[in-house]
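Novice: Dumping the structure here so I can ask a few things about it.
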Amino acid sequence: MLVDATDFLLRDVTGAAGSLRPGTYRVDRTRSAFYLPRTKAVSENSEIEMTLTFVTKAAGGGRGGGGSGAGSHAD
């Protein structure tokens with residue numbers, strides 16, 4: 001059986017966004033990913049490491065914030 005656990009794993013399970021200041025932050029799924037060099041599977045379990053990117057909701061939450069104007073995102 002193959003299960004897609006992406007939605008389960010690409011989230012702020014530890015509540016780190018709540019400790020970021022100033023503003024309100026959330027995980028930017030488009031800039032977060034599995035860190036494959038540290039991901040392992042063995043017979044009993046799996047170890048998965050994620051790289052999460054947080055964005056402020058006040059800045060638009062897109063690719064680096066910057067609002068909704070054309071050409072306003074930063075990488």
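To be explicit about the labels: the chains of the structure tokens are called A, B, and onward in the order shown, and within each one the residues are counted from 1, while ligands get numbers from 1 in the order they are shown.
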If we count only C-alpha atoms, what is near Thr6 in chain A at a cut-off of 10 Å, once residues fewer than 3 positions away on the same chain are taken out, given as a ChimeraX atom specification?

Specialist: /A:3,9-11,29,33-34

Novice: Would you kindly return, as an NGL selection string, each protein, DNA or RNA residue with an atom no farther than 9 Å from any atom of Ala17 in chain A, considering only C-alpha atoms and excluding same-chain residues fewer than 6 positions away?

Specialist: :A and (24-27 or 54-55)

Novice: Between CA of Met1 in chain A and CA of Glu49 in chain A, measure the distance and give it in Å to one decimal.

Specialist: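 If I compute the distance from CA of Met1 in chain A to CA of Glu49 in chain A, I get 21.5 Å.
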
Novice: Would you compute the distance between CA of Arg21 in chain A and CA of Leu52 in chain A? Give it in Å to one decimal.

Specialist: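 Interatomic distance here is 16.6 Å.
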
Novice: CA of Arg31 in chain A and CA of Thr51 in chain A, how far apart in Å?

Specialist: 8.6 Å

Novice: Restricting the calculation to only C-alpha atoms, which member of A:Ser19, A:Thr30, A:Thr39, A:Thr14 is positioned closest to Thr53 in chain A?

Specialist: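 So, comparing all the options, the nearest one is A:Thr30.
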